[in-house]
Amino acid sequence: MEFSAQQIAALVNGKVEGDASVKVNTLSKIEEATKGSLTFLSHPKYIPYLKTTDASIIIISEGITDEKPGTATLIKVSDSREAFTILMEAYHKQQFSKSGIEEFVHISPKATVHKDVYVGSFTYIGENTDVASGSRIYPNVYIAENCKIGKNCIIYPGVKIYRDSIIGDNCTLHSGVVVGSDGFGFVPNSENNYRKMPQVGNVIIGNNVEIGSNTTIDRATMGSTIIRKGVKLDNLIQIGHNVEIGENTVIAAQAGVAGSTKIGNDCMIGGQVGIIGHLTIGNRVKIAAQSGIGSNVTDDSTIQGSPALDHFDYKKAYVIFRRLPELSQKIQELESKIESLTISK
Amino acid sequence: MEFSAQQIAALVNGKVEGDASVKVNTLSKIEEATKGSLTFLSHPKYIPYLKTTDASIIIISEGITDEKPGTATLIKVSDSREAFTILMEAYHKQQFSKSGIEEFVHISPKATVHKDVYVGSFTYIGENTDVASGSRIYPNVYIAENCKIGKNCIIYPGVKIYRDSIIGDNCTLHSGVVVGSDGFGFVPNSENNYRKMPQVGNVIIGNNVEIGSNTTIDRATMGSTIIRKGVKLDNLIQIGHNVEIGENTVIAAQAGVAGSTKIGNDCMIGGQVGIIGHLTIGNRVKIAAQSGIGSNVTDDSTIQGSPALDHFDYKKAYVIFRRLPELSQKIQELESKIESLTISK
Amino acid sequence: MEFSAQQIAALVNGKVEGDASVKVNTLSKIEEATKGSLTFLSHPKYIPYLKTTDASIIIISEGITDEKPGTATLIKVSDSREAFTILMEAYHKQQFSKSGIEEFVHISPKATVHKDVYVGSFTYIGENTDVASGSRIYPNVYIAENCKIGKNCIIYPGVKIYRDSIIGDNCTLHSGVVVGSDGFGFVPNSENNYRKMPQVGNVIIGNNVEIGSNTTIDRATMGSTIIRKGVKLDNLIQIGHNVEIGENTVIAAQAGVAGSTKIGNDCMIGGQVGIIGHLTIGNRVKIAAQSGIGSNVTDDSTIQGSPALDHFDYKKAYVIFRRLPELSQKIQELESKIESLTISK
């Protein structure tokens with residue numbers, strides 16, 4: 001595929017400066033770009049590359065600089081990052097042209113697969129499951145009975161969805177995601193063994209949710225584990241039974257949320273964070289990576305540590321932690337001095 | 001399915017108070033229950049719902065209250081939680097009616113699949129592998145050569161079991177579990193590269209073990225990695241080569257146990273705990289979430305922190321950690337005071 | 001399979017002491033070995049087993065002891081551990097005799113599968129993908145379009161490889177590994193939602209790389225995520241978009257590396273370590289388990305803690321941390337003493 005500067009400017013609502021007929025066929029970073037590349041410049045620190053890059057077209061935020069490029073054609077836009085995203089989406093969409101049902105699939109006669117759905121080989125779709133139009137179910141996917149997959153979802157290879165799960169529109173589930181496995185519920189019995197608590201609830205995922213590779217989301221014991229619209233989960237995250245995650249909350253890789261905890265909207269939770277069960281985390285909460293959360297958190301808090309404190313308090317305490325050997329030494333010296341003062345008195 | 005209060009009371013050995021003919025067709029939490037629901041009341045804090053719930057039947061622990069319900073029929077039992085578990089198991093079992101061999105499977109002619117086994121589509125069973133009666137092997141499962149799967153196991157979609165693995169009776173392996181992958185064993189060689197140490201051992205899993213989604217259990221370098229009967233592993237756990245885990249030990253999500261460590265019976269290990277290799281952890285040990293274990297732990301210890309201390313010592317130290325800036329300030333003040341005392345003398 | 005002491009000595013370039021015709025058919029640890037077993041003795045602490053083991057053949061490092069064995073035949077070598085590795089590799093290779101294309105596969109007519117490749121059932125190979133000679137692709141594997149798999153790779157069951165990925169020669173990918181899933185890139189938009197940043201880069205993996213079960217490696221946003229030759233990754237590791245990992249670096253289970261961080265050569269990174277994005281970690285860096293890395297690290301550092309310090313500094317500070325309640329007590333006593341000194345003055 002080739003695009004001219006003029007075509008691109010039309011797509012991103014930009015203004016061409018330079019040769020509008022120059023064409024590009026690939027995307028590159030400005031510092032690595034070669035002839036035929038499209039690149040972008042959004043941060044002032046990259047301004048020096050304007051002169052030196054071999055890129056053929058540069059999309060640039062208006063007002064960032066008045067410097068002239070070396071050889072490249074400029075496309076000026078109000079926000080180069082957003083423009084770039086629009087372009088990459090256009091580019092990306094062209095890569096996903098798959099449709100139809102491939103060979104070797106198992107689709108229950110009682111399942112409903114709507115029009116324009118792609119189902120890859122070795123994929124299993126169970127009874128009473130409904131896959132809405134425009135969704136792409138890649139190979140080696142398992143979708144059990146009584147599930148609902150919304151419109152225009154992308155279910156990557158190797159995703160496993162247990163029975164009764166409900167997934168909204170425009171969701172993306174990456175490879176190895178497990179939705180609806182049993183929560184970790186065991187009741188000790190009289191012989192000091194554990195009896196499994198049957199898990200009869202389900203998982204509900206809202207619209208526009210993206211879930212990273214090998215992340216696991218357990219079904220509710222009763223009721224529903226709920227991931228609300230716009231939530232973004234990174235890879236290898238654990239979401240326990242009956243958890244609720246509020247709209248547009250973002251969680252980084254390898255974090256874990258234990259059973260029945262409710263997390264608010266617009267939170268940002270760092271990598272490897274652990275949150276114990278039965279807590280309430282407010283809205284717009286920020287949690288630093290590797291923190292451990294053992295009690296409720298109010299709206300708009302920013303916290304850090306294990307157990308977590310206010311992040312300024314944690315940072316201040318940790319600065320002193322580094323100096324503890326020195327402090328311990330000082331205390332010893334003070335003791336000696338006081339000892340000698342007391343004696344001399 | 002509908003059940004009457006009378007039928008349910010018979011199953012759980014309970015005593016009906018109210019209309020024994022009332023019927024239910026679903027399970028709910030007491031605070032969310034609608035007409036036609038069965039619910040339970042085991043904790044005093046839910047007593048107020050007795051009057052207000054729309055549930056048709058409430059299973060209630062004897063002695064918890066003498067208050068009368070609004071409209072619901074009561075079933076009195078000695079332990080409502082255990083009764084509920086019994087009921088949910090009955091409900092749950094009805095959902096698993098699958099049997100027989102589905103289309104598109106690969107079962108080696110040298111494998112033995114006993115009667116009443118379910119094998120889902122796209123599942124692979126290798127040479128000399130034996131699947132005992134009553135087990136359900138879901139779609140997209142891989143079981144290699146020389147494996148033994150016990151009776152009445154549930155192997156969920158996408159489980160991968162490497163050669164020579166032995167799995168007991170009544171085990172449940174959730175989606176994405178990997179059993180028997182190579183341990184992490186590399187020997188630096190003279191050219192400063194790593195040479196792989198072949199992993200010729202296996203994994204042995206006892207009866208009644210449950211393993212959560214995407215958990216990985218490495219085979220032994222030589223000998224066996226052993227998960228003893230009754231062990232419960234949550235999701236995304238890492239068990240290294242040659243590890244042994246004692247009976248009825250429970251490990252929460254995202255914990256990791258490095259190679260050759262032996263863990264005793266009846267331990268409770270929190271989420272995201274890390275245990276280094278070649279340790280011995282005693283029986284009935286409790287480890288708080290996110291702790292890091294770097295040395296042996298004796299029976300009945302409760303520990304916390306990274307590296308872990310006795311949990312009371314950790315908590316006491318962490319309380320002071322929060323106050324470190326204040327302590328540091330105090331030390332400075334003491335220094336000034338002593339300085340002035342010394343001068344004034 | 002049976003091997004005589006003479007055959008084994010020839011393979012490992014060793015010298016037989018005792019009956020060269022004795023045969024073995026299995027491998028064991030010296031303390032568990034039975035008749036017919038081959039074992040090895042590399043560490044002095046195992047010397048007492050020389051007399052008591054039932055092993056038929058013992059491979060022993062020269063110079064470790066002059067003691068005579070009980071009944072076993074000795075094979076003396078310069079380094080018993082290396083000898084053992086050579087033998088186990090030979091043993092191991094015999095187990096992997098699979099070849100050819102099994103039933104129920106989907107190989108695109110536009111894919112190239114070279115000679116001596118094994119492709120297991122339910123495996124999917126996409127358009128323009130090239131699998132070089134000698135590689136073994138197990139069942140239930142997904143390899144997307146435009147990928148390149150090198151020579152003699154082992155791709156275990158359930159691996160998922162997204163489009164455009166490049167994998168070198170002699171690589172081993174264990175079950176559940178995901179290569180090339182989308183990086184975690186979302187840009188907040190004007191309606192306070194997140195817009196997905198399309199991920200148009202790829203993943204490049206060098207020769208002789210081994211990747212543990214359920215580890216995830218995200219594709220680059222643009223450009224490449226790069227895992228250089230000789231890298232060993234354990235299970236359940238997260239590698240973010242645009243990360244680079246230098247030659248022969250070893251990372252233990254459940255560690256995570258966030259986007260765009262560059263790690264040098266010959267590093268050793270412990271389990272559950274977290275490294276934030278956009279950092280540079282030098283060569284030969286050692287990071288203790290569970291550490292959290294929030295800033296650049298210079299060559300040859302050894303660090304620990306979250307946030308990480310020099311490991312000696314961390315250990316010294318942590319020793320005092322344990323004694324904080326005692327220190328706090330001392331400060332209180334000092335305050336009282338000074339108070340009384342001041343008053344008495």
# chains A, B, ... in the order shown; residues from 1 in each chain; ligands from 1
>>> select_by_dssp(residues="region 46-195 of chain B", states="strand (DSSP E or B)", output="PyMOL selection string")
chain B and resi 57-61+73-77+100-101+106-107+112-113+118-119+124-125+130-131+136-137+142-143+148-149+154-155+160-161+166-167+172-173+178-181+186-188+194-195
>>> select_by_dssp(residues="region 18-158 of chain A", states="helix (DSSP H, G or I)", output="PyMOL selection string")
chain A and resi 44-46+49-52+80-95
>>> interface_residues(of="chain B", to="chain A", cutoff="6 Å", atoms="only C-alpha atoms", output="mmCIF file with C-alpha atoms, in the first residue's frame")
data_model
loop_
_atom_site.group_PDB
_atom_site.id
_atom_site.type_symbol
_atom_site.label_atom_id
_atom_site.label_comp_id
_atom_site.auth_asym_id
_atom_site.auth_seq_id
_atom_site.Cartn_x
_atom_site.Cartn_y
_atom_site.Cartn_z
ATOM 1 C CA THR B 85 -22.382 -26.162 49.314
ATOM 2 C CA MET B 88 -24.691 -26.061 44.792
ATOM 3 C CA GLU B 89 -22.752 -29.199 44.082
ATOM 4 C CA ARG B 322 5.625 5.019 58.461
ATOM 5 C CA LEU B 324 10.526 7.366 60.011
ATOM 6 C CA PRO B 325 10.543 11.032 58.894
#
>>> residues_around(residues="Asn13 (chain A)", least_positions_apart="2", cutoff="10 Å", atoms="only C-alpha atoms", output="ChimeraX atom specification")
/A:7-11,15-16,75-78,83
>>> write_last_selection(atoms="all heavy atoms", output="CSV table (one decimal), in the first residue's frame")
chain,number,residue,atom,x,y,z
A,7,GLN,N,-3.4,12.4,0.4
A,7,GLN,CA,-4.3,11.4,0.9
A,7,GLN,C,-4.3,11.4,2.4
A,7,GLN,O,-5.3,11.4,3.1
A,7,GLN,CB,-4.0,10.0,0.4
A,7,GLN,CG,-4.4,9.8,-1.1
A,7,GLN,CD,-3.9,8.5,-1.6
A,7,GLN,OE1,-2.7,8.1,-1.4
A,7,GLN,NE2,-4.8,7.7,-2.3
A,8,ILE,N,-3.1,11.4,3.0
A,8,ILE,CA,-2.9,11.3,4.4
A,8,ILE,C,-3.5,12.6,5.1
A,8,ILE,O,-4.2,12.5,6.1
A,8,ILE,CB,-1.5,11.1,4.8
A,8,ILE,CG1,-1.0,9.7,4.3
A,8,ILE,CG2,-1.2,11.3,6.3
A,8,ILE,CD1,0.4,9.4,4.4
A,9,ALA,N,-3.2,13.7,4.5
A,9,ALA,CA,-3.7,15.0,5.1
A,9,ALA,C,-5.2,15.0,5.1
A,9,ALA,O,-5.8,15.5,6.1
A,9,ALA,CB,-3.1,16.2,4.3
A,10,ALA,N,-5.8,14.4,4.1
A,10,ALA,CA,-7.3,14.4,4.1
A,10,ALA,C,-7.8,13.5,5.2
A,10,ALA,O,-8.8,13.9,5.9
A,10,ALA,CB,-7.7,13.8,2.7
A,11,LEU,N,-7.1,12.4,5.4
A,11,LEU,CA,-7.6,11.5,6.5
A,11,LEU,C,-7.5,12.1,7.9
A,11,LEU,O,-8.3,11.9,8.8
A,11,LEU,CB,-6.7,10.2,6.5
A,11,LEU,CG,-7.2,9.0,5.8
A,11,LEU,CD1,-6.1,7.9,5.7
A,11,LEU,CD2,-8.4,8.4,6.5
A,15,LYS,N,-2.7,20.0,7.2
A,15,LYS,CA,-2.3,20.9,6.1
A,15,LYS,C,-0.9,20.6,5.6
A,15,LYS,O,0.0,20.5,6.4
A,15,LYS,CB,-2.2,22.4,6.7
A,15,LYS,CG,-2.6,23.5,5.8
A,15,LYS,CD,-2.5,24.8,6.5
A,15,LYS,CE,-1.1,25.4,6.5
A,15,LYS,NZ,-0.8,26.4,7.5
A,16,VAL,N,-0.8,20.4,4.3
A,16,VAL,CA,0.5,19.9,3.7
A,16,VAL,C,1.4,21.1,3.5
A,16,VAL,O,1.0,22.2,3.0
A,16,VAL,CB,0.3,19.2,2.4
A,16,VAL,CG1,1.6,18.8,1.7
A,16,VAL,CG2,-0.7,18.0,2.5
A,75,ILE,N,3.1,17.5,7.3
A,75,ILE,CA,1.6,17.6,7.4
A,75,ILE,C,1.3,18.2,8.8
A,75,ILE,O,1.6,17.5,9.8
A,75,ILE,CB,0.9,16.3,7.2
A,75,ILE,CG1,1.2,15.7,5.8
A,75,ILE,CG2,-0.6,16.4,7.4
A,75,ILE,CD1,0.6,14.3,5.6
A,76,LYS,N,0.8,19.4,8.9
A,76,LYS,CA,0.6,20.0,10.2
A,76,LYS,C,-0.8,19.7,10.7
A,76,LYS,O,-1.8,19.8,9.9
A,76,LYS,CB,0.8,21.5,10.1
A,76,LYS,CG,2.2,21.9,9.9
A,76,LYS,CD,2.5,23.3,10.4
A,76,LYS,CE,4.1,23.5,10.4
A,76,LYS,NZ,4.4,24.9,10.7
A,77,VAL,N,-0.9,19.3,11.9
A,77,VAL,CA,-2.2,18.9,12.5
A,77,VAL,C,-2.3,19.5,13.9
A,77,VAL,O,-1.3,19.9,14.5
A,77,VAL,CB,-2.4,17.4,12.6
A,77,VAL,CG1,-2.4,16.7,11.3
A,77,VAL,CG2,-1.2,16.8,13.5
A,78,SER,N,-3.5,19.5,14.5
A,78,SER,CA,-3.6,20.1,15.8
A,78,SER,C,-2.9,19.2,16.9
A,78,SER,O,-2.3,19.7,17.8
A,78,SER,CB,-5.0,20.4,16.2
A,78,SER,OG,-5.8,19.2,16.2
A,83,ALA,N,-3.5,12.3,15.4
A,83,ALA,CA,-3.5,12.0,14.0
A,83,ALA,C,-2.8,10.7,13.6
A,83,ALA,O,-3.3,9.9,12.8
A,83,ALA,CB,-2.7,13.2,13.3
>>> residues_around(residues="Asp299 (chain C)", least_positions_apart="2", cutoff="9 Å", atoms="only C-alpha atoms", output="PyMOL selection string")
chain C and resi 264+281-285+297+301
>>> atom_distance(atom1="CA of Leu50 (chain A)", atom2="CA of Gly70 (chain A)")
6.3 Å
>>> atom_distance(atom1="CA of Ile211 (chain A)", atom2="CA of Gly212 (chain B)")
18.3 Å
>>> residues_around(residues="Val131 (chain B)", least_positions_apart="6", cutoff="8 Å", atoms="only C-alpha atoms", output="number ranges by chain")
B: 112-114, 117, 148-151
>>> write_last_selection(atoms="C-alpha atoms", output="compact mmCIF listing (two decimals), in the first residue's frame")
# COMPACT_ATOMS: atom_id res chain seq x y z
CA THR B 112 -6.40 -46.02 26.74
CA VAL B 113 -9.56 -43.99 27.27
CA HIS B 114 -11.86 -45.70 29.79
CA VAL B 117 -14.92 -40.31 29.52
CA LYS B 148 -1.98 -41.09 33.58
CA ILE B 149 -5.18 -39.15 34.32
CA GLY B 150 -7.19 -40.48 37.29
CA LYS B 151 -10.92 -40.99 37.71
>>> atom_distance(atom1="CA of Ser260 (chain B)", atom2="CA of Arg219 (chain B)")
10.9 Å
>>> residues_around(residues="Lys98 (chain B)", least_positions_apart="4", cutoff="12 Å", atoms="only C-alpha atoms", output="NGL selection string")
(:A and (126-127 or 145)) or (:B and (93-94 or 102 or 116-120 or 134-139 or 154))
>>> write_last_selection(atoms="all heavy atoms", output="tab-separated table (two decimals), in the first residue's frame")
chain	number	residue	atom	x	y	z
A	126	GLY	N	-20.06	-23.32	21.82
A	126	GLY	CA	-21.02	-24.22	22.48
A	126	GLY	C	-22.47	-23.84	22.28
A	126	GLY	O	-22.81	-22.82	21.67
A	127	GLU	N	-23.34	-24.64	22.85
A	127	GLU	CA	-24.80	-24.48	22.75
A	127	GLU	C	-25.28	-23.14	23.27
A	127	GLU	O	-24.81	-22.65	24.30
A	127	GLU	CB	-25.49	-25.54	23.61
A	127	GLU	CG	-25.48	-26.91	23.00
A	127	GLU	CD	-26.23	-27.91	23.87
A	127	GLU	OE1	-27.07	-27.48	24.70
A	127	GLU	OE2	-25.96	-29.11	23.73
A	145	GLU	N	-20.99	-22.92	26.57
A	145	GLU	CA	-22.43	-22.76	26.40
A	145	GLU	C	-22.91	-21.43	27.00
A	145	GLU	O	-22.34	-20.90	27.94
A	145	GLU	CB	-23.19	-23.89	27.11
A	145	GLU	CG	-22.78	-25.28	26.69
A	145	GLU	CD	-21.49	-25.71	27.33
A	145	GLU	OE1	-21.27	-25.40	28.50
A	145	GLU	OE2	-20.68	-26.34	26.62
B	93	LYS	N	-23.48	-30.27	39.26
B	93	LYS	CA	-23.28	-31.56	38.57
B	93	LYS	C	-24.22	-31.70	37.39
B	93	LYS	O	-23.86	-32.29	36.38
B	93	LYS	CB	-23.48	-32.71	39.55
B	93	LYS	CG	-22.18	-33.13	40.20
B	93	LYS	CD	-22.35	-34.35	41.08
B	93	LYS	CE	-21.09	-34.56	41.91
B	93	LYS	NZ	-21.37	-35.25	43.16
B	94	GLN	N	-25.42	-31.15	37.53
B	94	GLN	CA	-26.39	-31.26	36.45
B	94	GLN	C	-25.94	-30.51	35.21
B	94	GLN	O	-26.41	-30.75	34.13
B	94	GLN	CB	-27.73	-30.71	36.92
B	94	GLN	CG	-28.34	-31.56	38.01
B	94	GLN	CD	-29.83	-31.49	37.97
B	94	GLN	OE1	-30.40	-30.42	38.11
B	94	GLN	NE2	-30.49	-32.60	37.73
B	102	GLU	N	-16.08	-36.25	20.96
B	102	GLU	CA	-16.55	-35.34	19.91
B	102	GLU	C	-15.73	-35.49	18.61
B	102	GLU	O	-14.71	-36.18	18.58
B	102	GLU	CB	-16.50	-33.89	20.42
B	102	GLU	CG	-17.53	-33.64	21.53
B	102	GLU	CD	-17.60	-32.18	21.97
B	102	GLU	OE1	-16.66	-31.43	21.65
B	102	GLU	OE2	-18.57	-31.83	22.62
B	116	ASP	N	-17.12	-43.85	29.99
B	116	ASP	CA	-17.73	-42.63	30.55
B	116	ASP	C	-16.79	-41.43	30.51
B	116	ASP	O	-16.96	-40.48	31.28
B	116	ASP	CB	-18.17	-42.84	32.00
B	116	ASP	CG	-19.17	-43.97	32.13
B	116	ASP	OD1	-19.97	-44.15	31.19
B	116	ASP	OD2	-19.15	-44.65	33.15
B	117	VAL	N	-15.81	-41.46	29.65
B	117	VAL	CA	-14.92	-40.31	29.52
B	117	VAL	C	-15.47	-39.40	28.42
B	117	VAL	O	-15.93	-39.88	27.39
B	117	VAL	CB	-13.49	-40.75	29.20
B	117	VAL	CG1	-12.63	-39.59	28.76
B	117	VAL	CG2	-12.87	-41.43	30.42
B	118	TYR	N	-15.43	-38.07	28.67
B	118	TYR	CA	-15.76	-37.09	27.63
B	118	TYR	C	-14.45	-36.56	27.05
B	118	TYR	O	-13.55	-36.17	27.80
B	118	TYR	CB	-16.59	-35.95	28.22
B	118	TYR	CG	-16.64	-34.69	27.38
B	118	TYR	CD1	-17.19	-34.69	26.10
B	118	TYR	CD2	-16.15	-33.49	27.87
B	118	TYR	CE1	-17.24	-33.53	25.34
B	118	TYR	CE2	-16.20	-32.31	27.12
B	118	TYR	CZ	-16.74	-32.35	25.85
B	118	TYR	OH	-16.79	-31.20	25.09
B	119	VAL	N	-14.34	-36.56	25.72
B	119	VAL	CA	-13.18	-35.94	25.07
B	119	VAL	C	-13.71	-34.92	24.05
B	119	VAL	O	-14.42	-35.28	23.11
B	119	VAL	CB	-12.30	-36.98	24.35
B	119	VAL	CG1	-11.10	-36.29	23.71
B	119	VAL	CG2	-11.82	-38.06	25.31
B	120	GLY	N	-13.39	-33.65	24.28
B	120	GLY	CA	-13.89	-32.58	23.40
B	120	GLY	C	-13.08	-32.48	22.12
B	120	GLY	O	-11.97	-33.00	22.01
B	134	GLY	N	-14.85	-41.73	33.93
B	134	GLY	CA	-15.56	-40.59	34.49
B	134	GLY	C	-14.89	-39.25	34.29
B	134	GLY	O	-15.44	-38.22	34.67
B	135	SER	N	-13.71	-39.23	33.69
B	135	SER	CA	-13.02	-37.94	33.52
B	135	SER	C	-13.57	-37.20	32.30
B	135	SER	O	-14.02	-37.82	31.34
B	135	SER	CB	-11.51	-38.16	33.37
B	135	SER	OG	-10.96	-38.40	34.66
B	136	ARG	N	-13.52	-35.88	32.39
B	136	ARG	CA	-13.99	-35.05	31.28
B	136	ARG	C	-12.81	-34.21	30.77
B	136	ARG	O	-12.29	-33.36	31.49
B	136	ARG	CB	-15.12	-34.13	31.75
B	136	ARG	CG	-16.39	-34.89	32.09
B	136	ARG	CD	-17.54	-33.96	32.37
B	136	ARG	NE	-17.29	-33.17	33.56
B	136	ARG	CZ	-17.65	-33.53	34.79
B	136	ARG	NH1	-18.28	-34.67	34.99
B	136	ARG	NH2	-17.40	-32.76	35.80
B	137	ILE	N	-12.45	-34.49	29.54
B	137	ILE	CA	-11.34	-33.76	28.91
B	137	ILE	C	-11.97	-32.81	27.90
B	137	ILE	O	-12.47	-33.24	26.86
B	137	ILE	CB	-10.38	-34.74	28.18
B	137	ILE	CG1	-10.09	-35.99	29.02
B	137	ILE	CG2	-9.11	-34.03	27.78
B	137	ILE	CD1	-9.33	-35.76	30.28
B	138	TYR	N	-11.95	-31.53	28.19
B	138	TYR	CA	-12.60	-30.53	27.34
B	138	TYR	C	-11.85	-30.32	26.02
B	138	TYR	O	-10.77	-30.88	25.81
B	138	TYR	CB	-12.73	-29.22	28.12
B	138	TYR	CG	-13.94	-29.21	29.01
B	138	TYR	CD1	-13.95	-29.89	30.22
B	138	TYR	CD2	-15.11	-28.56	28.64
B	138	TYR	CE1	-15.08	-29.90	31.04
B	138	TYR	CE2	-16.24	-28.56	29.44
B	138	TYR	CZ	-16.22	-29.24	30.64
B	138	TYR	OH	-17.34	-29.25	31.43
B	139	PRO	N	-12.39	-29.48	25.15
B	139	PRO	CA	-11.73	-29.23	23.86
B	139	PRO	C	-10.36	-28.56	24.02
B	139	PRO	O	-10.07	-27.93	25.03
B	139	PRO	CB	-12.71	-28.28	23.14
B	139	PRO	CG	-14.04	-28.62	23.71
B	139	PRO	CD	-13.75	-28.90	25.16
B	154	ILE	N	-11.60	-33.24	35.90
B	154	ILE	CA	-12.09	-32.26	34.92
B	154	ILE	C	-10.88	-31.51	34.38
B	154	ILE	O	-10.18	-30.82	35.12
B	154	ILE	CB	-13.07	-31.25	35.56
B	154	ILE	CG1	-14.22	-31.99	36.27
B	154	ILE	CG2	-13.63	-30.31	34.50
B	154	ILE	CD1	-15.17	-31.05	37.00
